[in-house]
file coords-v4.txt (compact mmCIF, C-alpha atoms)
# COMPACT_ATOMS: atom_id res chain seq x y z
CA ASN A 1 126.76 49.57 166.61
CA VAL A 2 126.28 53.17 165.49
CA ILE A 3 122.54 52.95 164.77
CA MET A 4 120.32 53.49 167.80
CA GLN A 5 117.96 50.71 168.83
CA GLY A 6 114.24 51.43 169.20
CA ARG A 7 113.98 51.10 172.98
CA GLY A 8 111.55 53.49 174.61
CA ARG A 9 110.46 55.00 171.32
CA ILE A 10 107.24 55.03 169.34
CA PRO A 11 107.01 51.85 167.23
CA GLY A 12 108.38 52.22 163.73
CA TYR A 13 105.12 51.42 161.98
CA LEU A 14 103.40 54.35 163.72
CA GLU A 15 106.21 56.73 162.75
CA THR A 16 106.15 55.41 159.21
CA GLY A 17 102.36 55.67 159.02
CA TRP A 18 102.41 59.25 160.28
CA TYR A 19 105.15 60.22 157.84
CA ILE A 20 103.35 58.60 154.89
CA PHE A 21 100.13 60.38 155.89
CA SER A 22 101.83 63.78 156.14
CA VAL A 23 103.66 63.33 152.82
CA PHE A 24 100.43 62.15 151.14
CA MET A 25 98.53 65.18 152.44
CA LEU A 26 101.43 67.43 151.43
CA SER A 27 101.29 66.02 147.89
CA VAL A 28 97.51 66.36 147.61
CA SER A 29 97.61 69.95 148.89
CA TYR A 30 100.47 70.79 146.53
CA LEU A 31 98.65 69.37 143.50
CA LYS A 32 95.45 71.20 144.43
CA ALA A 33 97.38 74.47 144.86
CA VAL A 34 99.06 73.99 141.48
CA PHE A 35 96.02 72.96 139.47
CA THR A 36 93.41 75.20 141.13
CA GLY A 37 93.43 78.62 139.54
CA PRO A 38 93.86 81.62 141.82
CA GLY A 39 90.69 83.29 140.57
CA HIS A 40 91.32 85.80 137.81
CA ALA A 41 89.27 88.91 137.31
CA PRO A 42 86.92 88.59 134.34
CA GLU A 43 88.17 90.30 131.19
CA ASN A 44 86.58 93.67 130.47
CA TRP A 45 84.86 93.63 133.84
CA LYS A 46 82.93 96.78 134.71
CA PRO A 47 80.87 97.60 137.79
CA ARG A 48 77.10 97.53 137.44
CA LYS A 49 76.67 101.17 138.36
CA GLN A 50 78.67 103.79 136.51
CA GLU A 51 79.22 105.92 139.66
CA GLU A 52 81.16 102.98 141.19
CA GLU A 53 83.80 103.34 138.48
CA LYS A 54 85.16 106.38 140.32
CA LEU A 55 85.89 104.23 143.38
CA LEU A 56 87.69 101.43 141.51
CA GLN A 57 91.20 101.26 140.14
CA PHE A 58 91.82 100.87 136.44
CA CYS A 59 94.42 98.34 135.31
CA ARG A 60 96.42 99.78 132.44
CA ARG A 61 97.88 96.39 131.48
CA CYS A 62 94.53 94.54 131.33
CA LYS A 63 92.75 97.67 130.11
CA GLY A 64 89.85 97.15 132.46
CA PHE A 65 88.62 97.90 135.95
CA LYS A 66 89.99 95.87 138.82
CA PRO A 67 87.49 94.35 141.24
CA PRO A 68 88.06 95.25 144.91
CA ARG A 69 91.19 93.61 146.41
CA ALA A 70 92.43 92.46 142.99
CA HIS A 71 96.04 93.00 141.92
CA HIS A 72 97.80 92.59 138.61
CA CYS A 73 100.39 89.81 138.42
CA SER A 74 103.20 90.69 136.06
CA THR A 75 104.20 87.02 135.70
CA CYS A 76 100.72 85.73 134.78
CA ASN A 77 99.81 89.03 133.09
CA LYS A 78 96.30 88.93 134.60
CA CYS A 79 94.47 90.58 137.46
CA VAL A 80 94.07 88.12 140.34
CA LEU A 81 91.30 88.29 142.95
CA LYS A 82 92.66 88.63 146.52
CA MET A 83 96.20 88.08 145.25
CA ASP A 84 98.72 87.14 147.90
CA HIS A 85 101.81 86.56 145.73
CA HIS A 86 103.09 84.70 142.69
CA CYS A 87 104.72 81.56 144.05
CA PRO A 88 107.55 79.89 142.13
CA TRP A 89 106.98 76.64 144.10
CA ILE A 90 103.58 76.13 142.52
CA ASN A 91 104.25 78.24 139.39
CA ASN A 92 100.97 79.99 139.99
CA CYS A 93 99.54 82.96 141.82
CA VAL A 94 98.19 82.41 145.29
CA GLY A 95 94.79 84.04 145.25
CA ASN A 96 91.18 83.74 146.26
CA CYS A 97 90.56 80.18 145.02
CA ASN A 98 93.80 78.39 145.93
CA HIS A 99 94.95 80.18 149.09
CA LYS A 100 93.55 77.42 151.33
CA TYR A 101 95.43 74.69 149.44
CA PHE A 102 98.67 76.69 149.50
CA PHE A 103 98.32 77.23 153.25
CA LEU A 104 97.70 73.49 153.77
CA PHE A 105 100.73 72.70 151.60
CA ILE A 106 102.94 74.95 153.74
CA THR A 107 101.50 73.41 156.92
CA TYR A 108 102.16 69.82 155.79
CA VAL A 109 105.69 70.72 154.65
CA LEU A 110 106.29 72.12 158.13
CA ILE A 111 104.92 68.94 159.76
CA ALA A 112 106.93 66.59 157.51
CA CYS A 113 110.19 68.51 158.06
CA ALA A 114 109.67 68.68 161.81
CA HIS A 115 108.95 64.95 161.86
CA SER A 116 112.10 64.22 159.84
CA PHE A 117 114.14 66.36 162.22
CA ILE A 118 112.72 64.59 165.27
CA LEU A 119 113.41 61.18 163.73
CA LEU A 120 116.99 62.04 162.76
CA LEU A 121 117.95 63.77 166.00
CA PRO A 122 118.63 60.76 168.29
CA TYR A 123 120.46 58.80 165.59
CA THR A 124 122.65 61.72 164.63
CA VAL A 125 123.47 62.71 168.20
CA ARG A 126 124.29 59.16 169.24
CA GLY A 127 126.27 58.52 166.06
CA ALA A 128 128.23 61.72 166.46
CA TRP A 129 128.80 61.02 170.15
CA ILE A 130 130.29 57.59 169.39
CA VAL A 131 132.00 58.12 166.05
CA PHE A 132 133.49 61.61 166.06
CA PRO A 133 135.76 61.23 169.12
CA LYS A 134 137.24 58.03 167.60
CA LEU A 135 137.22 59.02 163.95
CA ARG A 136 140.28 56.98 162.99
CA ARG A 137 138.80 53.70 164.23
CA TYR A 138 135.69 53.80 162.03
CA PRO A 139 135.54 53.25 158.27
CA ALA A 140 134.98 56.27 156.05
CA HIS A 141 131.47 55.20 155.00
CA VAL A 142 130.27 55.27 158.64
CA VAL A 143 131.66 58.77 159.16
CA PHE A 144 130.15 59.86 155.85
CA ARG A 145 126.74 58.44 156.86
CA ILE A 146 126.84 60.39 160.15
CA TYR A 147 127.80 63.52 158.20
CA GLN A 148 124.88 62.93 155.81
CA MET A 149 122.44 62.56 158.70
CA LEU A 150 123.80 65.72 160.29
CA MET A 151 123.35 67.68 157.06
CA ALA A 152 119.84 66.26 156.56
CA MET A 153 119.00 67.31 160.11
CA VAL A 154 120.31 70.83 159.51
CA LEU A 155 118.30 71.04 156.27
CA ALA A 156 115.13 69.82 157.99
CA LEU A 157 115.59 72.30 160.84
CA SER A 158 116.24 75.21 158.46
CA LEU A 159 113.13 74.30 156.48
CA VAL A 160 111.09 74.10 159.68
CA VAL A 161 112.26 77.57 160.71
CA SER A 162 111.83 79.22 157.30
CA ILE A 163 108.49 77.60 156.48
CA GLY A 164 107.32 78.22 160.05
CA CYS A 165 108.00 81.93 159.53
CA LEU A 166 106.15 81.84 156.21
CA TRP A 167 103.27 79.95 157.86
CA TYR A 168 103.13 82.52 160.67
CA GLN A 169 102.89 85.36 158.14
CA GLN A 170 100.05 83.69 156.26
call {"tool": "encode", "arguments": {"input": "coords-v4.txt", "output": "structure tokens"}}
result
Amino acid sequence: NVIMQGRGRIPGYLETGWYIFSVFMLSVSYLKAVFTGPGHAPENWKPRKQEEEKLLQFCRRCKGFKPPRAHHCSTCNKCVLKMDHHCPWINNCVGNCNHKYFFLFITYVLIACAHSFILLLPYTVRGAWIVFPKLRRYPAHVVFRIYQMLMAMVLALSLVVSIGCLWYQQ
């Protein structure tokens, strides 16, 4: 039997419940990051006092003054308040209003990938330990399944590392 039995492990319903919770929270955070605007600078915005205009930058593309810490996004073609970056994952800028949801999305992706890696690790190691030395004695679909689990584990680990680095920078 290639598949590892559940002795000495957390019960499956707890692992499943935790995974469903993390994927649910990931989905909610993702949808909030996508559908919450980043906070655009008002069109034709000007400071209240005319002497403050000397301290502010003028956006040539929007043809107006930029509020403090606002940057122009060339993809959205608008000035965004506290712009972090334009994210292709959410097809939106990450700015003042949706930065929290984007950060939560990245955090839950990190948790879900780490959980997947931890779940796959014992099965893959045990399967590889048993199957790979005796490759000729096992059917091709068993070897292919072990290979799939190994690749899924590598993908989960690479996502944990890359998203962990992104999370650290945020």
call {"tool": "closest_residue", "arguments": {"input": "coords-v4.txt", "among": "A:Val125, A:Ala33, A:Leu120, A:Leu56", "to": "A:Trp89", "atoms": "only C-alpha atoms"}}
result
A:Ala33
call {"tool": "closest_residue", "arguments": {"input": "coords-v4.txt", "among": "A:Leu110, A:Arg48, A:Leu26, A:Ile20", "to": "A:Cys165", "atoms": "only C-alpha atoms"}}
result
A:Leu110
call {"tool": "closest_residue", "arguments": {"input": "coords-v4.txt", "among": "A:Ile163, A:Pro67, A:Arg145, A:Phe102", "to": "A:Pro47", "atoms": "all atoms listed in the file"}}
result
A:Pro67
call {"tool": "closest_residue", "arguments": {"input": "coords-v4.txt", "among": "A:Met25, A:Cys59, A:Ala70, A:Cys93", "to": "A:Pro38", "atoms": "only C-alpha atoms"}}
result
A:Cys93
call {"tool": "atom_distance", "arguments": {"input": "coords-v4.txt", "atom1": "atom CA of A:Lys49", "atom2": "atom CA of A:Arg69"}}
result
18.2 Å
call {"tool": "closest_residue", "arguments": {"input": "coords-v4.txt", "among": "A:Arg126, A:Lys32, A:Lys100, A:Lys63", "to": "A:Lys78", "atoms": "all atoms listed in the file"}}
result
A:Lys63
call {"tool": "residues_near_point", "arguments": {"input": "coords-v4.txt", "point": "(90.3, 90.6, 135.7)", "cutoff": "7 Å", "atoms": "only C-alpha atoms", "output": "ChimeraX atom specification"}}
result
/A:40-43,45,66,78-80
call {"tool": "closest_residue", "arguments": {"input": "coords-v4.txt", "among": "A:Phe58, A:Tyr123, A:Phe117, A:Tyr168", "to": "A:Ala156", "atoms": "only C-alpha atoms"}}
result
A:Phe117
call {"tool": "residues_around", "arguments": {"input": "coords-v4.txt", "residues": "A:Val34", "least_positions_apart": "6", "cutoff": "12 Å", "atoms": "only C-alpha atoms", "output": "list in words"}}
result
Ser27, Val28, His86, Cys87, Pro88, Trp89, Ile90, Asn91, Asn92, Cys93, Val94, Gly95, Cys97, Asn98, His99, Lys100, Tyr101, Phe102 and Phe105 of chain A
call {"tool": "atom_distance", "arguments": {"input": "coords-v4.txt", "atom1": "atom CA of A:Ile111", "atom2": "atom CA of A:Glu15"}}
result
12.6 Å
call {"tool": "residues_around", "arguments": {"input": "coords-v4.txt", "residues": "A:Thr16", "least_positions_apart": "6", "cutoff": "12 Å", "atoms": "all atoms listed in the file", "output": "JSON, numbers by chain"}}
result
{"A": [10, 22, 23, 24, 112, 115, 116, 119]}
